[in-house]
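Presented below is the structure to which this report refers.
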Number of protein chains: 2
Amino acid sequence: MAALTDPQAAAWNSYQRMRVRLSGVLGRELAAATGLSEADFDVLVAVNERPDETVRSLALRCGLEWEKSRLSHQLRRMEQRGLITREACEEDSRGSAVRLTERGRELACQARKHYDAAVKRYVMDSLTPEQIAALTEISGILLDRIEITHR
Amino acid sequence: MAALTDPQAAAWNSYQRMRVRLSGVLGRELAAATGLSEADFDVLVAVNERPDETVRSLALRCGLEWEKSRLSHQLRRMEQRGLITREACEEDSRGSAVRLTERGRELACQARKHYDAAVKRYVMDSLTPEQIAALTEISGILLDRIEITHR
DNA sequence: CCAGATTAGTTGATGCGTCAACCTTGTCGT
DNA sequence: ACGACAAGGTTGACGCATCAACTAATCTGG
């Protein structure tokens with residue numbers, strides 16, 4: 001009479017454990033290697049990937065799929081630590097623009113290398129190409145499912 | 001020269017998006033249905049599944065794989081909200097024991113139903129049995145990989 | 001038996017994430 | 001033009017998670 005069958009519960013349990021532990025080790029390695037949190041990393045990489053000097057907070061927010069207050073808090077902390085600077089936005093005086101500091105740019109590159117290497121080491125090297133494809137497919141299906149019912 | 005090939009990067013991106021969005025909707029539904037956070041839920045279920053009246057914090061901590069300070073903070077908040085009570089531990093006077101309040105027990109059951117139903121609806125109903133098996137296998141492999149290098 | 005090391009748990013500080021309230025600026029219908 | 005409404009962003013409060021420092025009780029070797 002349970003909502004989940006045994007194999008379903010097993011899948012959910014191992015997924016949950018994997019998810020927690022994986023993001024734990026990745027976050028820890030990133031912090032040890034660069035002093036950055038995953039939130040810092042996401043922002044730095046997103047800004048750095050842009051060709052322009054500066055990026056609008058709005059664009060950042062859409063790219064990251066973050067709430068506006070989350071980005072605002074995060075940018076404040078990153079500005080305090082000297083990773084970014086913020087300037088007024090030309091096109092829309094409500095907006096703001098983000099620019100990486102030199103240190104921010106450096107750390108973005110370093111962190112990218114470390115992070116990708118860790119993902120490769122912990123995840124990709126452990127799975128067959130078929131399993132990687134299955135993971136992509138499963139994630140895509142679940143994403144679609146969520147998108148459909150929440151929009 | 002990137003650390004990840006295209007299919008690998010695709011897998012990682014969709015996994016990451018799925019992970020964030022899924023835990024978002026599940027947490028939100030749980031909160032809407034019961035007023036509980038996932039942390040509350042984990043604790044309530046863990047305690048409720050025990051046959052005994054009370055559970056030692058230590059046992060809880062091991063079962064949940066939580067840090068001791070995390071559990072301590074969480075229990076303090078849950079005690080304040082009337083979900084649990086704490087008593088001295090008989091066997092070891094350093095320890096403490098956790099007991100569910102009536103309200104805690106009720107919520108644990110309700111929450112379990114809601115949560116399992118949501119997992120079924122968002123995840124299990126969207127995947128084939130083969131995909132569910134693949135998810136279990138992949139998670140198990142990654143878990144093992146992490147266990148091996150971190151212990 | 002006792003001194004030193006472990007272990008259970010608490011506390012405080014800090015970063016992260018969400019929500020609701022708010023301010024400013026743009027937009028659009030009339 | 002102007003008034004209502006929407007959108008960009010900030011702020012404050014709170015819960016969650018981690019780290020380091022601490023207290024107190026237990027264990028262990030000698």
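Residues are referred to by chain and number: the chain letter is A, B, ... according to the order shown in the structure tokens, the number counts from 1 in that chain, and ligands are numbered separately from 1 in the order shown.
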
What residues in chain B lie within 9 Å of chain C, counting only C-alpha atoms (C1' of nucleotides), written as a PyMOL selection string? chain B and resi 57-58+68-69+72-73+92-96

Could you list, as a VMD selection string, every residue within 8 Å of Thr136 of chain B, counting only C-alpha atoms (C1' of nucleotides) and ignoring same-chain residues fewer than 6 positions away? chain A and resid 10 to 12 14 to 15

Write down, as a ChimeraX atom specification, each residue of chain D that has any atom within 12 Å of an atom of chain A, counting only C-alpha atoms (C1' of nucleotides). /D:7-12,17-18

Find the distance between atom CA of Ala108 of chain B and atom CA of Leu22 of chain B and write it in Å to one decimal. 21.1 Å

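For the atom pair formed by atom CA of Ala3 of chain A and atom CA of Ala117 of chain B, the distance is 5.8 Å, given to one decimal.
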
Can you work out which residues from chain A touch chain B at a cut-off of 8 Å (counting only C-alpha atoms) and hand them back as a ChimeraX atom specification? /A:3-4,7-8,10-12,14-15,17-19,21-22,25,113,116-117,120,122-124,126-127,131-136,138-143,145-146

Keeping only N, CA, C and O atoms, take the residues you just selected and write them out as a compact mmCIF listing (two decimals), in the first residue's frame.
```txt
# COMPACT_ATOMS: atom_id res chain seq x y z
N ALA A 3 3.34 4.13 -1.44
CA ALA A 3 3.27 4.86 -2.71
C ALA A 3 4.36 4.41 -3.67
O ALA A 3 4.20 4.51 -4.88
N LEU A 4 5.43 3.86 -3.13
CA LEU A 4 6.54 3.44 -3.98
C LEU A 4 6.77 1.94 -3.88
O LEU A 4 6.71 1.38 -2.78
N PRO A 7 11.66 -1.47 -5.92
CA PRO A 7 12.70 -0.92 -6.80
C PRO A 7 12.64 0.60 -6.90
O PRO A 7 13.68 1.26 -7.03
N GLN A 8 11.46 1.15 -6.82
CA GLN A 8 11.35 2.61 -6.87
C GLN A 8 11.98 3.24 -5.63
O GLN A 8 12.72 4.22 -5.72
N ALA A 10 14.25 1.92 -3.81
CA ALA A 10 15.70 1.72 -3.89
C ALA A 10 16.33 2.77 -4.78
O ALA A 10 17.39 3.33 -4.46
N ALA A 11 15.68 3.04 -5.90
CA ALA A 11 16.21 4.04 -6.82
C ALA A 11 16.26 5.40 -6.13
O ALA A 11 17.27 6.11 -6.19
N TRP A 12 15.18 5.73 -5.45
CA TRP A 12 15.14 7.04 -4.80
C TRP A 12 16.18 7.15 -3.71
O TRP A 12 16.88 8.16 -3.59
N SER A 14 19.07 5.53 -3.39
CA SER A 14 20.45 5.65 -3.86
C SER A 14 20.66 6.97 -4.57
O SER A 14 21.71 7.59 -4.42
N TYR A 15 19.67 7.42 -5.28
CA TYR A 15 19.80 8.74 -5.92
C TYR A 15 20.03 9.82 -4.86
O TYR A 15 20.93 10.65 -5.00
N ARG A 17 21.17 9.59 -1.78
CA ARG A 17 22.48 9.49 -1.14
C ARG A 17 23.59 9.97 -2.09
O ARG A 17 24.50 10.69 -1.69
N MET A 18 23.50 9.55 -3.33
CA MET A 18 24.50 9.95 -4.31
C MET A 18 24.53 11.46 -4.47
O MET A 18 25.58 12.10 -4.44
N ARG A 19 23.37 12.03 -4.62
CA ARG A 19 23.24 13.46 -4.84
C ARG A 19 23.90 14.26 -3.71
O ARG A 19 24.70 15.17 -3.94
N ARG A 21 26.10 13.21 -1.40
CA ARG A 21 27.54 12.99 -1.25
C ARG A 21 28.33 13.59 -2.40
O ARG A 21 29.41 14.14 -2.21
N LEU A 22 27.79 13.48 -3.59
CA LEU A 22 28.51 14.03 -4.74
C LEU A 22 28.65 15.54 -4.62
O LEU A 22 29.74 16.08 -4.79
N VAL A 25 31.35 16.32 -1.98
CA VAL A 25 32.77 16.22 -2.34
C VAL A 25 33.16 17.27 -3.37
O VAL A 25 34.24 17.85 -3.29
N LYS A 113 38.81 24.59 -14.32
CA LYS A 113 39.66 23.42 -14.54
C LYS A 113 39.49 22.40 -13.41
O LYS A 113 39.25 21.23 -13.66
N ASP A 116 35.86 20.81 -13.51
CA ASP A 116 35.66 19.85 -14.59
C ASP A 116 36.46 18.58 -14.33
O ASP A 116 35.98 17.46 -14.58
N ALA A 117 37.66 18.76 -13.84
CA ALA A 117 38.48 17.59 -13.56
C ALA A 117 37.82 16.72 -12.50
O ALA A 117 37.82 15.48 -12.60
N LYS A 120 34.89 14.90 -13.95
CA LYS A 120 35.38 13.79 -14.77
C LYS A 120 35.82 12.64 -13.87
O LYS A 120 35.44 11.49 -14.08
N TYR A 122 35.13 11.90 -10.65
CA TYR A 122 34.13 11.24 -9.82
C TYR A 122 32.99 10.63 -10.61
O TYR A 122 32.42 9.63 -10.21
N VAL A 123 32.64 11.27 -11.73
CA VAL A 123 31.44 10.84 -12.43
C VAL A 123 31.78 10.16 -13.76
O VAL A 123 31.50 8.97 -13.94
N MET A 124 32.38 10.90 -14.64
CA MET A 124 32.50 10.42 -16.02
C MET A 124 33.40 9.20 -16.14
O MET A 124 33.10 8.28 -16.90
N SER A 126 33.71 6.93 -14.07
CA SER A 126 33.10 5.77 -13.43
C SER A 126 31.99 5.16 -14.27
O SER A 126 31.55 4.04 -13.99
N LEU A 127 31.52 5.89 -15.26
CA LEU A 127 30.35 5.44 -16.01
C LEU A 127 30.72 5.08 -17.45
O LEU A 127 31.64 5.66 -18.03
N GLN A 131 25.83 4.65 -19.91
CA GLN A 131 25.29 5.16 -18.64
C GLN A 131 25.24 6.68 -18.66
O GLN A 131 24.30 7.29 -18.14
N ILE A 132 26.24 7.27 -19.25
CA ILE A 132 26.23 8.74 -19.36
C ILE A 132 25.05 9.19 -20.21
O ILE A 132 24.34 10.15 -19.87
N ALA A 133 24.82 8.46 -21.29
CA ALA A 133 23.67 8.80 -22.14
C ALA A 133 22.37 8.60 -21.39
O ALA A 133 21.43 9.40 -21.49
N ALA A 134 22.30 7.54 -20.60
CA ALA A 134 21.08 7.26 -19.84
C ALA A 134 20.84 8.37 -18.82
O ALA A 134 19.70 8.82 -18.63
N LEU A 135 21.91 8.83 -18.20
CA LEU A 135 21.77 9.91 -17.22
C LEU A 135 21.24 11.18 -17.88
O LEU A 135 20.35 11.85 -17.36
N THR A 136 21.78 11.48 -19.05
CA THR A 136 21.30 12.64 -19.80
C THR A 136 19.82 12.50 -20.11
O THR A 136 19.03 13.44 -19.93
N ILE A 138 17.48 10.53 -18.73
CA ILE A 138 16.64 10.55 -17.53
C ILE A 138 16.48 11.97 -17.00
O ILE A 138 15.37 12.42 -16.70
N SER A 139 17.58 12.67 -16.92
CA SER A 139 17.51 14.04 -16.42
C SER A 139 16.62 14.90 -17.30
O SER A 139 15.82 15.70 -16.80
N GLY A 140 16.76 14.71 -18.60
CA GLY A 140 15.94 15.48 -19.53
C GLY A 140 14.46 15.19 -19.35
O GLY A 140 13.63 16.11 -19.33
N ILE A 141 14.14 13.93 -19.19
CA ILE A 141 12.73 13.56 -19.00
C ILE A 141 12.18 14.20 -17.74
O ILE A 141 11.09 14.79 -17.73
N LEU A 142 12.93 14.10 -16.66
CA LEU A 142 12.43 14.65 -15.39
C LEU A 142 12.32 16.17 -15.47
O LEU A 142 11.37 16.77 -14.95
N LEU A 143 13.29 16.79 -16.13
CA LEU A 143 13.21 18.24 -16.32
C LEU A 143 11.95 18.62 -17.07
O LEU A 143 11.23 19.54 -16.67
N ARG A 145 9.23 16.99 -17.34
CA ARG A 145 8.08 16.72 -16.48
C ARG A 145 7.82 17.88 -15.52
O ARG A 145 6.68 18.30 -15.32
N ILE A 146 8.89 18.38 -14.95
CA ILE A 146 8.75 19.49 -14.01
C ILE A 146 8.33 20.76 -14.74
O ILE A 146 7.43 21.47 -14.29
```

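Atom CA of Arg77 of chain A to atom CA of Ala31 of chain B spans 28.3 Å [interatomic distance, one decimal].
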
DSSP on the backbone: which residues in chain A end up as alpha helix (DSSP H)? Give the answer as number ranges by chain. A: 6-34, 38-48, 57-64, 68-80, 102-122, 129-149

Would you give me, as a count of residues only, the residues in chain A that DSSP reads as strand (DSSP E)? 13

Need the shell around segment 33-40 of chain A: protein/DNA/RNA residues with any atom at most 8 Å away, counting only C-alpha atoms (C1' of nucleotides). Skip same-chain ones fewer than 4 positions apart. Format as a ChimeraX atom specification? /A:27,29,44,74,78,107,110-111,114

Write out the residues from the selection above, keeping C-alpha atoms, as a PDB file, in the first residue's frame.
```pdb
ATOM      1  CA  GLY A  27      31.936  21.557  -3.179  1.00  0.00           C
ATOM      2  CA  GLU A  29      37.247  20.105  -3.465  1.00  0.00           C
ATOM      3  CA  LEU A  44      32.105  33.675 -12.023  1.00  0.00           C
ATOM      4  CA  GLN A  74      25.435  36.647  -3.716  1.00  0.00           C
ATOM      5  CA  MET A  78      31.293  38.567  -3.951  1.00  0.00           C
ATOM      6  CA  LEU A 107      39.789  32.287 -10.137  1.00  0.00           C
ATOM      7  CA  GLN A 110      41.337  27.949 -12.231  1.00  0.00           C
ATOM      8  CA  ALA A 111      38.062  26.861 -10.739  1.00  0.00           C
ATOM      9  CA  HIS A 114      39.495  21.993 -11.055  1.00  0.00           C
TER      10      HIS A 114
END
```
